[in-house]
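A.B. asks: Dropping in target-v2.cif, which is mmCIF, C-alpha atoms:
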data_query
loop_
_atom_site.label_atom_id
_atom_site.label_comp_id
_atom_site.auth_asym_id
_atom_site.auth_seq_id
_atom_site.Cartn_x
_atom_site.Cartn_y
_atom_site.Cartn_z
CA MET D 1040 26.81 -19.30 -20.28
CA GLN D 1041 29.15 -18.30 -17.50
CA VAL D 1042 28.05 -15.70 -14.96
CA THR D 1043 30.79 -13.15 -14.34
CA ARG D 1044 31.49 -10.32 -11.94
CA GLU D 1045 30.42 -7.89 -14.67
CA ASP D 1046 26.98 -9.55 -14.78
CA ILE D 1047 26.54 -8.98 -11.06
CA ILE D 1048 27.78 -5.40 -11.32
CA GLN D 1049 25.24 -4.78 -14.08
CA ALA D 1050 22.47 -6.13 -11.83
CA ILE D 1051 23.59 -3.88 -8.98
CA ARG D 1052 23.61 -0.93 -11.36
CA ALA D 1053 20.13 -1.80 -12.65
CA ALA D 1054 18.84 -2.02 -9.08
CA LYS D 1055 20.21 1.47 -8.36
CA VAL D 1056 21.55 0.44 -4.98
CA SER D 1057 25.14 1.67 -5.25
CA ASP D 1058 26.67 4.90 -6.49
CA ALA D 1059 29.80 3.12 -7.70
CA PRO D 1060 29.11 -0.57 -8.36
CA GLU D 1061 32.46 -1.06 -10.10
CA SER D 1062 34.32 -0.29 -6.92
CA LEU D 1063 32.58 -2.95 -4.83
CA ARG D 1064 34.81 -5.71 -3.52
CA SER D 1065 33.82 -9.21 -4.65
CA ASP D 1066 34.88 -10.92 -1.46
CA LEU D 1067 33.16 -8.69 1.09
CA LYS D 1068 29.53 -8.72 2.15
CA LEU D 1069 27.51 -6.28 0.09
CA THR D 1070 25.69 -5.23 3.25
CA ASP D 1071 29.08 -4.13 4.63
CA GLN D 1072 29.62 -2.02 1.51
CA GLY D 1073 26.57 0.19 1.77
CA ILE D 1074 23.85 -2.00 0.25
CA ASP D 1075 21.15 -2.65 2.85
CA SER D 1076 18.71 -5.55 3.06
CA LEU D 1077 16.08 -3.79 0.92
CA GLY D 1078 18.73 -3.12 -1.71
CA MET D 1079 19.69 -6.80 -1.62
CA PHE D 1080 16.05 -7.76 -2.29
CA ASN D 1081 16.24 -5.60 -5.39
CA VAL D 1082 19.57 -7.01 -6.62
CA ILE D 1083 18.30 -10.58 -6.16
CA LEU D 1084 15.09 -9.72 -8.01
CA VAL D 1085 17.02 -8.26 -10.95
CA LEU D 1086 19.12 -11.45 -11.11
CA GLN D 1087 16.01 -13.65 -10.92
CA GLU D 1088 14.50 -11.78 -13.84
CA LYS D 1089 17.73 -11.74 -15.83
CA TYR D 1090 18.24 -15.51 -15.55
CA ALA D 1091 14.54 -16.46 -15.34
CA ILE D 1092 15.00 -18.39 -12.12
CA GLU D 1093 13.41 -18.36 -8.67
CA ILE D 1094 15.89 -18.02 -5.83
CA PRO D 1095 14.32 -19.40 -2.65
CA ASP D 1096 14.65 -17.58 0.69
CA PRO D 1097 17.04 -20.13 2.27
CA ASP D 1098 19.43 -19.67 -0.67
CA VAL D 1099 19.19 -15.88 -0.46
CA ASP D 1100 20.27 -16.05 3.17
CA ARG D 1101 23.71 -17.32 2.16
CA LEU D 1102 24.26 -15.03 -0.84
CA ASN D 1103 26.13 -12.15 0.73
CA THR D 1104 29.05 -11.34 -1.59
CA ILE D 1105 29.55 -10.89 -5.32
CA ASP D 1106 31.71 -14.04 -5.32
CA GLU D 1107 28.91 -16.04 -3.65
CA LEU D 1108 26.38 -14.73 -6.17
CA ILE D 1109 28.63 -15.68 -9.10
CA ALA D 1110 29.22 -19.20 -7.73
CA TYR D 1111 25.55 -19.75 -6.94
CA LEU D 1112 24.26 -18.50 -10.27
CA ASN D 1113 26.75 -20.63 -12.16
CA THR D 1114 25.26 -23.69 -10.46
CA ARG D 1115 21.74 -22.58 -11.38
CA VAL D 1116 22.11 -21.36 -14.95
CA ALA D 1117 24.88 -23.59 -16.28
CA MET R 640 -22.48 8.31 -13.04
CA ILE R 641 -21.38 7.55 -9.49
CA GLY R 642 -17.98 8.97 -8.49
CA ILE R 643 -15.94 10.43 -5.65
CA LYS R 644 -17.41 13.56 -4.13
CA GLN R 645 -15.30 14.10 -1.02
CA ILE R 646 -12.99 12.30 1.39
CA ALA R 647 -12.42 12.87 5.10
CA SER R 648 -9.92 11.23 7.38
CA TYR R 649 -9.09 10.61 11.00
CA VAL R 650 -5.50 10.07 12.06
CA PRO R 651 -5.14 9.59 15.82
CA ALA R 652 -2.85 12.11 17.54
CA GLY R 653 -0.66 9.47 19.18
CA ARG R 654 2.71 8.80 17.55
CA ILE R 655 5.50 6.26 17.87
CA ASP R 656 8.93 7.71 17.06
CA ASN R 657 10.58 5.24 14.68
CA ILE R 658 13.78 7.27 14.48
CA ALA R 659 14.31 6.95 18.22
CA ARG R 660 13.77 3.19 18.29
CA ALA R 661 15.35 2.28 14.93
CA GLU R 662 18.50 0.73 16.35
CA SER R 663 16.61 -1.39 18.88
CA LEU R 664 14.88 -3.00 15.89
CA GLY R 665 18.03 -3.65 13.89
CA SER R 666 17.69 -0.59 11.69
CA THR R 667 19.20 2.90 11.59
CA PRO R 668 17.60 6.35 11.64
CA GLU R 669 18.79 6.87 8.07
CA GLN R 670 17.26 3.60 6.89
CA VAL R 671 14.00 4.42 8.64
CA SER R 672 13.85 7.84 7.06
CA GLU R 673 15.15 7.13 3.57
CA ARG R 674 14.26 3.51 2.90
CA ILE R 675 11.37 2.29 5.05
CA GLY R 676 10.13 5.86 5.05
CA PHE R 677 8.00 5.97 8.18
CA ARG R 678 9.59 8.37 10.64
CA GLN R 679 6.52 8.10 12.87
CA LEU R 680 3.59 5.73 13.21
CA ALA R 681 0.11 6.93 14.19
CA ARG R 682 -1.36 5.07 17.14
CA MET R 683 -4.90 5.05 18.40
CA GLU R 684 -5.33 5.89 22.05
CA SER R 685 -5.73 3.33 24.77
CA GLY R 686 -9.42 2.49 24.88
CA GLN R 687 -10.04 3.42 21.26
CA GLY R 688 -11.16 0.71 18.85
CA THR R 689 -11.79 0.24 15.17
CA LEU R 690 -15.37 1.46 15.49
CA ASP R 691 -14.11 4.64 17.17
CA LEU R 692 -11.68 5.33 14.33
CA ALA R 693 -14.35 4.67 11.72
CA ALA R 694 -16.88 6.85 13.55
CA GLN R 695 -14.42 9.74 13.76
CA ALA R 696 -13.75 9.60 10.01
CA LEU R 697 -17.46 9.39 9.17
CA ALA R 698 -18.27 12.26 11.54
CA GLN R 699 -15.59 14.37 9.86
CA LEU R 700 -17.08 13.60 6.45
CA LEU R 701 -20.57 14.58 7.61
CA HIS R 702 -19.15 17.77 9.11
CA ASP R 703 -17.17 18.69 6.00
CA THR R 704 -20.00 18.02 3.55
CA GLY R 705 -22.98 19.05 5.66
CA LEU R 706 -24.58 15.80 4.52
CA ASP R 707 -27.63 14.63 6.46
CA PRO R 708 -26.82 11.15 7.87
CA GLN R 709 -30.35 10.10 6.95
CA ALA R 710 -29.55 10.74 3.28
CA ILE R 711 -26.90 8.00 3.09
CA ASP R 712 -28.21 5.05 1.06
CA ALA R 713 -25.31 2.63 1.58
CA LEU R 714 -22.36 2.22 3.94
CA VAL R 715 -19.43 -0.10 3.27
CA VAL R 716 -16.58 -0.60 5.75
CA VAL R 717 -13.22 -2.08 4.76
CA SER R 718 -11.46 -3.72 7.70
CA GLN R 719 -9.84 -6.95 8.81
CA ASN R 720 -9.42 -5.83 12.40
CA PRO R 721 -12.92 -5.05 13.64
CA ASP R 722 -13.49 -4.83 17.39
CA ARG R 723 -15.42 -8.10 17.18
CA SER R 724 -16.16 -10.51 14.37
CA ILE R 725 -19.94 -10.45 14.86
CA PRO R 726 -21.86 -8.28 14.01
CA HIS R 727 -20.46 -6.55 10.95
CA LEU R 728 -18.64 -3.33 11.73
CA SER R 729 -20.69 -1.35 9.23
CA ALA R 730 -23.86 -2.12 11.22
CA GLU R 731 -22.22 -0.91 14.41
CA LEU R 732 -21.06 2.24 12.64
CA HIS R 733 -24.54 2.70 11.22
CA GLY R 734 -25.93 2.66 14.74
CA ARG R 735 -23.27 4.96 16.14
CA ALA R 736 -23.78 7.51 13.37
CA GLY R 737 -27.58 7.38 13.39
CA LEU R 738 -28.06 6.46 9.74
CA SER R 739 -31.41 5.67 8.19
CA THR R 740 -32.92 2.21 8.67
CA SER R 741 -33.18 2.05 4.87
CA CYS R 742 -29.38 2.34 4.55
CA ALA R 743 -27.66 -0.82 3.26
CA CYS R 744 -24.54 -1.84 5.20
CA PHE R 745 -21.90 -4.45 4.63
CA ASP R 746 -18.19 -5.05 5.28
CA LEU R 747 -15.36 -5.89 2.92
CA GLY R 748 -12.64 -8.08 4.37
CA LEU R 749 -9.65 -6.80 2.42
CA GLY R 750 -6.33 -5.21 3.31
CA CYS R 751 -4.19 -2.81 1.31
CA SER R 752 -6.12 -3.32 -1.93
CA GLY R 753 -9.42 -2.74 -0.09
CA TYR R 754 -10.01 0.91 -0.87
CA VAL R 755 -9.88 0.47 -4.64
CA TYR R 756 -11.97 -2.70 -4.43
CA GLY R 757 -14.40 -0.79 -2.24
CA LEU R 758 -14.78 2.05 -4.71
CA SER R 759 -15.77 -0.39 -7.44
CA VAL R 760 -18.04 -2.52 -5.26
CA LEU R 761 -19.90 0.40 -3.72
CA ALA R 762 -20.30 2.32 -6.99
CA ALA R 763 -21.61 -0.79 -8.76
CA PHE R 764 -23.96 -1.56 -5.85
CA MET R 765 -25.30 1.98 -5.89
CA GLN R 766 -25.79 2.02 -9.65
CA ALA R 767 -27.49 -1.38 -9.63
CA ASN R 768 -29.93 -0.25 -6.97
CA GLY R 769 -30.57 3.35 -7.96
CA MET R 770 -28.84 4.86 -4.94
CA LYS R 771 -27.55 8.44 -4.86
CA ARG R 772 -25.21 8.64 -1.87
CA GLY R 773 -22.91 5.99 -0.45
CA VAL R 774 -20.02 6.11 2.00
CA LEU R 775 -16.92 3.94 1.90
CA VAL R 776 -15.07 3.76 5.22
CA THR R 777 -11.61 2.30 5.78
CA ALA R 778 -10.45 1.49 9.32
CA ASP R 779 -7.86 -1.19 9.96
CA PRO R 780 -5.62 -0.59 13.01
CA TYR R 781 -2.78 -3.05 12.54
CA SER R 782 -1.28 -1.95 15.87
CA ARG R 783 -3.57 -4.61 17.30
CA ILE R 784 -1.76 -7.45 15.57
CA VAL R 785 1.82 -6.20 15.16
CA ASP R 786 4.45 -7.68 17.47
CA PRO R 787 6.35 -4.58 18.66
CA GLU R 788 9.58 -6.61 18.66
CA ASP R 789 9.20 -7.96 15.10
CA LYS R 790 11.83 -6.30 12.91
CA ALA R 791 9.82 -7.06 9.75
CA THR R 792 6.65 -5.24 10.78
CA ALA R 793 7.16 -3.08 13.87
CA LEU R 794 8.43 -0.04 11.95
CA ILE R 795 5.71 -0.04 9.30
CA PHE R 796 2.06 0.07 10.29
CA GLY R 797 0.10 3.09 11.51
CA ASP R 798 -3.53 3.50 12.60
CA ALA R 799 -6.01 5.69 10.72
CA ALA R 800 -9.47 5.74 9.17
CA THR R 801 -11.08 7.47 6.20
CA ALA R 802 -14.57 8.06 4.85
CA THR R 803 -15.29 8.65 1.15
CA LEU R 804 -18.58 10.01 -0.13
CA LEU R 805 -19.66 8.61 -3.48
CA ASP R 806 -22.55 10.34 -5.21
CA ASP R 807 -24.06 11.14 -8.58
CA THR R 808 -22.56 14.65 -8.79
CA PRO R 809 -18.93 13.72 -8.18
CA LEU R 810 -15.72 15.70 -8.16
CA TYR R 811 -13.86 12.74 -9.68
CA THR R 812 -15.29 10.10 -11.99
CA MET R 813 -13.88 6.58 -11.93
CA GLY R 814 -12.61 4.73 -14.98
CA ARG R 815 -12.02 1.06 -15.69
CA PHE R 816 -10.83 -1.05 -12.77
CA THR R 817 -8.43 -3.96 -12.86
CA PHE R 818 -8.03 -6.59 -10.14
CA GLY R 819 -5.87 -9.57 -9.41
CA THR R 820 -4.96 -12.17 -6.81
CA GLN R 821 -1.94 -14.38 -6.27
CA GLY R 822 -3.45 -16.69 -3.69
CA GLY R 823 -0.55 -19.12 -3.76
CA ASP R 824 1.35 -16.51 -1.77
CA ALA R 825 -1.47 -15.78 0.68
CA ASP R 826 0.67 -16.82 3.63
CA LYS R 827 3.35 -14.23 2.81
CA ILE R 828 1.35 -11.68 4.82
CA ALA R 829 -0.88 -13.30 7.38
CA SER R 830 -2.15 -13.04 10.92
CA ASN R 831 -1.15 -16.27 12.65
CA ASP R 832 -2.73 -16.69 16.08
CA GLY R 833 -3.40 -12.99 16.17
CA VAL R 834 0.14 -11.86 15.31
CA LEU R 835 1.06 -10.39 11.95
CA PHE R 836 3.70 -12.17 9.88
CA MET R 837 5.18 -10.64 6.72
CA ASN R 838 7.79 -11.99 4.32
CA GLY R 839 9.32 -8.69 3.26
CA ARG R 840 11.22 -10.06 0.29
CA ALA R 841 8.14 -11.78 -1.14
CA VAL R 842 6.12 -8.60 -0.77
CA PHE R 843 8.86 -6.55 -2.40
CA ASN R 844 9.12 -8.94 -5.36
CA PHE R 845 5.35 -8.93 -5.77
CA ALA R 846 5.18 -5.13 -5.70
CA ALA R 847 8.08 -4.65 -8.06
CA THR R 848 6.83 -7.12 -10.67
CA LYS R 849 3.07 -7.75 -10.51
CA VAL R 850 2.07 -4.29 -9.33
CA SER R 851 4.23 -2.45 -11.84
CA ALA R 852 2.75 -4.56 -14.64
CA ASN R 853 -0.77 -4.01 -13.35
CA ILE R 854 -0.32 -0.23 -13.38
CA ARG R 855 0.63 -0.31 -17.05
CA GLU R 856 -2.34 -2.59 -17.79
CA THR R 857 -4.69 -0.22 -15.99
CA VAL R 858 -3.46 2.80 -17.94
CA THR R 859 -3.98 0.87 -21.18
CA ALA R 860 -7.41 -0.38 -20.05
CA ASN R 861 -8.44 3.26 -19.68
CA ALA R 862 -7.28 4.07 -23.23
CA LEU R 863 -4.50 6.27 -21.84
CA GLU R 864 -0.74 6.42 -21.95
CA MET R 865 1.56 6.74 -18.96
CA HIS R 866 2.28 10.42 -19.61
CA HIS R 867 -1.45 11.21 -19.36
CA ILE R 868 -1.40 10.41 -15.62
CA ASP R 869 -0.75 13.43 -13.36
CA ARG R 870 -0.17 11.43 -10.20
CA PHE R 871 0.26 7.76 -9.41
CA VAL R 872 -1.25 7.24 -5.96
CA LEU R 873 0.10 3.92 -4.77
CA HIS R 874 -0.54 2.12 -1.53
CA GLN R 875 2.19 3.37 0.81
CA GLY R 876 3.76 0.00 1.60
CA SER R 877 7.13 1.64 2.23
CA ARG R 878 9.14 4.45 0.65
CA TYR R 879 11.43 1.91 -1.00
CA ILE R 880 8.58 -0.04 -2.58
CA VAL R 881 6.94 3.14 -3.92
CA GLU R 882 10.24 4.39 -5.35
CA THR R 883 11.08 1.00 -6.85
CA ILE R 884 7.74 0.88 -8.64
CA ALA R 885 8.26 4.44 -9.92
CA ASP R 886 11.71 3.52 -11.24
CA ARG R 887 10.46 0.33 -12.87
CA LEU R 888 7.70 2.30 -14.57
CA GLN R 889 10.30 4.88 -15.62
CA VAL R 890 8.10 7.60 -14.17
CA ASP R 891 9.51 10.65 -12.40
CA ARG R 892 9.36 9.92 -8.67
CA ARG R 893 7.68 13.30 -8.11
CA LYS R 894 4.62 11.91 -9.90
CA VAL R 895 4.60 8.87 -7.59
CA PRO R 896 4.63 10.54 -4.19
CA PHE R 897 5.43 9.01 -0.84
CA MET R 898 3.34 10.90 1.72
CA ALA R 899 3.07 8.60 4.74
CA SER R 900 6.32 9.43 6.55
CA GLU R 901 4.55 10.97 9.55
CA TYR R 902 1.86 8.33 10.12
CA GLY R 903 2.90 5.00 8.55
CA ASN R 904 1.38 2.35 6.33
CA THR R 905 -2.30 2.61 7.17
CA VAL R 906 -3.38 -0.38 5.06
CA SER R 907 -6.65 0.38 3.21
CA SER R 908 -6.58 4.00 4.42
CA SER R 909 -3.31 4.88 2.68
CA ILE R 910 -4.76 5.85 -0.71
CA PRO R 911 -7.72 7.95 0.53
CA LEU R 912 -5.40 9.71 3.02
CA MET R 913 -3.28 10.85 0.08
CA LEU R 914 -6.34 11.88 -1.89
CA THR R 915 -7.56 14.12 0.92
CA GLU R 916 -4.41 16.19 0.38
CA MET R 917 -4.44 16.02 -3.43
CA MET R 918 -8.06 16.53 -4.36
CA PRO R 919 -8.29 20.19 -3.29
CA ALA R 920 -4.98 21.07 -4.98
CA PRO R 921 -4.55 21.96 -8.66
CA GLY R 922 -2.67 19.75 -11.10
CA HIS R 923 -4.39 16.51 -10.25
CA GLU R 924 -6.77 16.05 -13.16
CA ARG R 925 -6.07 12.38 -13.75
CA ILE R 926 -4.90 10.14 -10.90
CA LEU R 927 -4.07 6.47 -11.02
CA LEU R 928 -4.94 4.58 -7.84
CA CYS R 929 -3.27 1.26 -7.06
CA GLY R 930 -3.84 -0.72 -3.90
CA PHE R 931 -1.81 -3.88 -3.34
CA GLY R 932 -0.83 -6.17 -0.51
CA LEU R 933 -2.14 -9.11 1.38
CA GLY R 934 -3.84 -11.82 -0.56
CA LEU R 935 -1.59 -11.23 -2.35
CA SER R 936 -3.97 -8.95 -4.19
CA TRP R 937 -4.12 -5.78 -6.20
CA ALA R 938 -6.72 -3.38 -7.56
CA SER R 939 -6.26 -0.28 -9.69
CA THR R 940 -8.23 2.38 -11.53
CA VAL R 941 -7.88 5.88 -12.93
CA ILE R 942 -9.98 8.72 -11.55
CA GLN R 943 -10.53 11.92 -13.46
CA ARG R 944 -11.57 15.34 -12.23
CA LYS R 945 -14.91 16.32 -13.69
CA GLU R 946 -14.96 19.52 -15.71
#
Turn this file's structure into structure tokens for me.

C.D. replies:
Amino acid sequence: MQVTREDIIQAIRAAKVSDAPESLRSDLKLTDQGIDSLGMFNVILVLQEKYAIEIPDPDVDRLNTIDELIAYLNTRVA
Amino acid sequence: MIGIKQIASYVPAGRIDNIARAESLGSTPEQVSERIGFRQLARMESGQGTLDLAAQALAQLLHDTGLDPQAIDALVVVSQNPDRSIPHLSAELHGRAGLSTSCACFDLGLGCSGYVYGLSVLAAFMQANGMKRGVLVTADPYSRIVDPEDKATALIFGDAATATLLDDTPLYTMGRFTFGTQGGDADKIASNDGVLFMNGRAVFNFAATKVSANIRETVTANALEMHHIDRFVLHQGSRYIVETIADRLQVDRRKVPFMASEYGNTVSSSIPLMLTEMMPAPGHERILLCGFGLGLSWASTVIQRKE
């Protein structure tokens, strides 16, 4: 199973933290695109539940972009 | 049947303006207002203590009900920030308020789940011992332990106290209670050397998952369905937590109100503060109460207005 950008966009949509998830850039920090730290908690939680994994705090600290989330999740769920 | 007769509260007049200091704590006025939710935090006055807050709430209850202090059979105080660790705060409050020497007093050392725990403990204690009138007081001024420079906690906690009269001719009866503890995460909210620490992400995850599930379990335990509940009165951890739980439950946010924007998260006082506003108003026949927080712990029940 390969995690894709669409999987992350779905999680952002489910977390209700962006009005237009499809328009988010993959290479920019989500916090620079209108998703605050509380919203990031929610996105990470949705991804944890979706992939049935626990993402520890130190890992969360370096997951700032959609690209970083894709790369990280592919190492965890592959 | 023991139930809730009346609730009184005391919110100190002092306020901290979170909007004005948002940016100094790494936030924005919009985030404070729309996400954290607490535009202001209530603060007790210099020289006031936990006993003073508790005494004000109890005095208000006695004033509102006309109840003779000598007629109170039991007094329970929920607090983790008493003025001193010995003696128990309820005994000090008993003395301050001039209650009967035959009145039973004890404290409950619980945080945000404490009010709902307290309702169950006091009602069961009263029923087991044939008592008619008991008072549950909440008073937990976290301003004592919050580091004013800590971005994770400085914009959240307010000071307040409440007093709830339980008796055998109640306005609201209480249904089945549910409780839980996730002690492996006890250090996610803790006072270390007298300073509060909170892991916001851990608390958010806990609230979004465990608490949401517990609310559904509580509705089922009371032989009800979600649409039977008129209002979901949740501990006011933050606006975002309350709204996230509402969304996860797929319940209209208007039925899961956030009401603490002008005084803050008042720990075990948050639920009774909301009830003081709701109980006199129509349209609140069946209310779910859910307290959750440090422990990590949770406690829920459904109260129903008596015909």

A.B. asks: Please provide as a ChimeraX atom specification all residues within 8 Å of R:Ile884, with the sequence filter that same-chain residues fewer than 6 positions apart are discarded (counting only C-alpha atoms).

C.D. replies: /R:846-847,850-851

A.B. asks: With a distance threshold of 10 Å and counting all atoms listed in the file, extract the residues of chain R near chain D and express them as a list in words.

C.D. replies: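 That gives Ser666, Gln670, Arg674, Ile675, Asn838, Gly839, Arg840, Ala841, Phe843, Asn844, Ala847, Thr848, Tyr879, Ile880, Thr883, Asp886 and Arg887 of chain R for chain R.
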
A.B. asks: If you measure from atom CA of R:Gln719 to atom CA of R:Gly750, what distance in Å do you get, rounded to one decimal?

C.D. replies: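 These two atoms are separated by 6.8 Å.
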
A.B. asks: Would you kindly translate the PyMOL selection byres ((chain D and resi 1044) around 8) into the concrete residues it picks from this file, as a list in words?

C.D. replies: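 On this input, the PyMOL selection byres ((chain D and resi 1044) around 8) captures Val1042, Thr1043, Glu1045, Asp1046, Ile1047, Ile1048, Ser1065, Ile1105, Asp1106 and Ile1109 of chain D.
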
A.B. asks: Would you kindly translate the PyMOL selection byres ((chain D and resi 1117) around 10) into the concrete residues it picks from this file, as a PyMOL selection string?

C.D. replies: chain D and resi 1040-1042+1112-1116

A.B. asks: Would you compute the distance between atom CA of R:Asp779 and atom CA of R:Ser908? Give it in Å to one decimal.

C.D. replies: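 Answer for the atom CA of R:Asp779 to atom CA of R:Ser908 separation: 7.7 Å.
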
A.B. asks: Run the PyMOL selection byres ((chain D and resi 1104) around 7) on the file and write out the hits as a list in words.

C.D. replies: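 When the PyMOL selection byres ((chain D and resi 1104) around 7) is applied to the shown file, the picked residues are Ser1065, Asp1066, Leu1067, Lys1068, Leu1069, Leu1102, Asn1103, Ile1105, Asp1106, Glu1107 and Leu1108 of chain D.
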
A.B. asks: Let's have the selection written as a PDB file, keeping the file's coordinate frame, with C-alpha atoms.

C.D. replies:
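Output below, filename selection.pdb:
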ATOM      1  CA  SER D1065      33.820  -9.210  -4.650  1.00  0.00           C
ATOM      2  CA  ASP D1066      34.880 -10.920  -1.460  1.00  0.00           C
ATOM      3  CA  LEU D1067      33.160  -8.690   1.090  1.00  0.00           C
ATOM      4  CA  LYS D1068      29.530  -8.720   2.150  1.00  0.00           C
ATOM      5  CA  LEU D1069      27.510  -6.280   0.090  1.00  0.00           C
ATOM      6  CA  LEU D1102      24.260 -15.030  -0.840  1.00  0.00           C
ATOM      7  CA  ASN D1103      26.130 -12.150   0.730  1.00  0.00           C
ATOM      8  CA  ILE D1105      29.550 -10.890  -5.320  1.00  0.00           C
ATOM      9  CA  ASP D1106      31.710 -14.040  -5.320  1.00  0.00           C
ATOM     10  CA  GLU D1107      28.910 -16.040  -3.650  1.00  0.00           C
ATOM     11  CA  LEU D1108      26.380 -14.730  -6.170  1.00  0.00           C
TER      12      LEU D1108
END
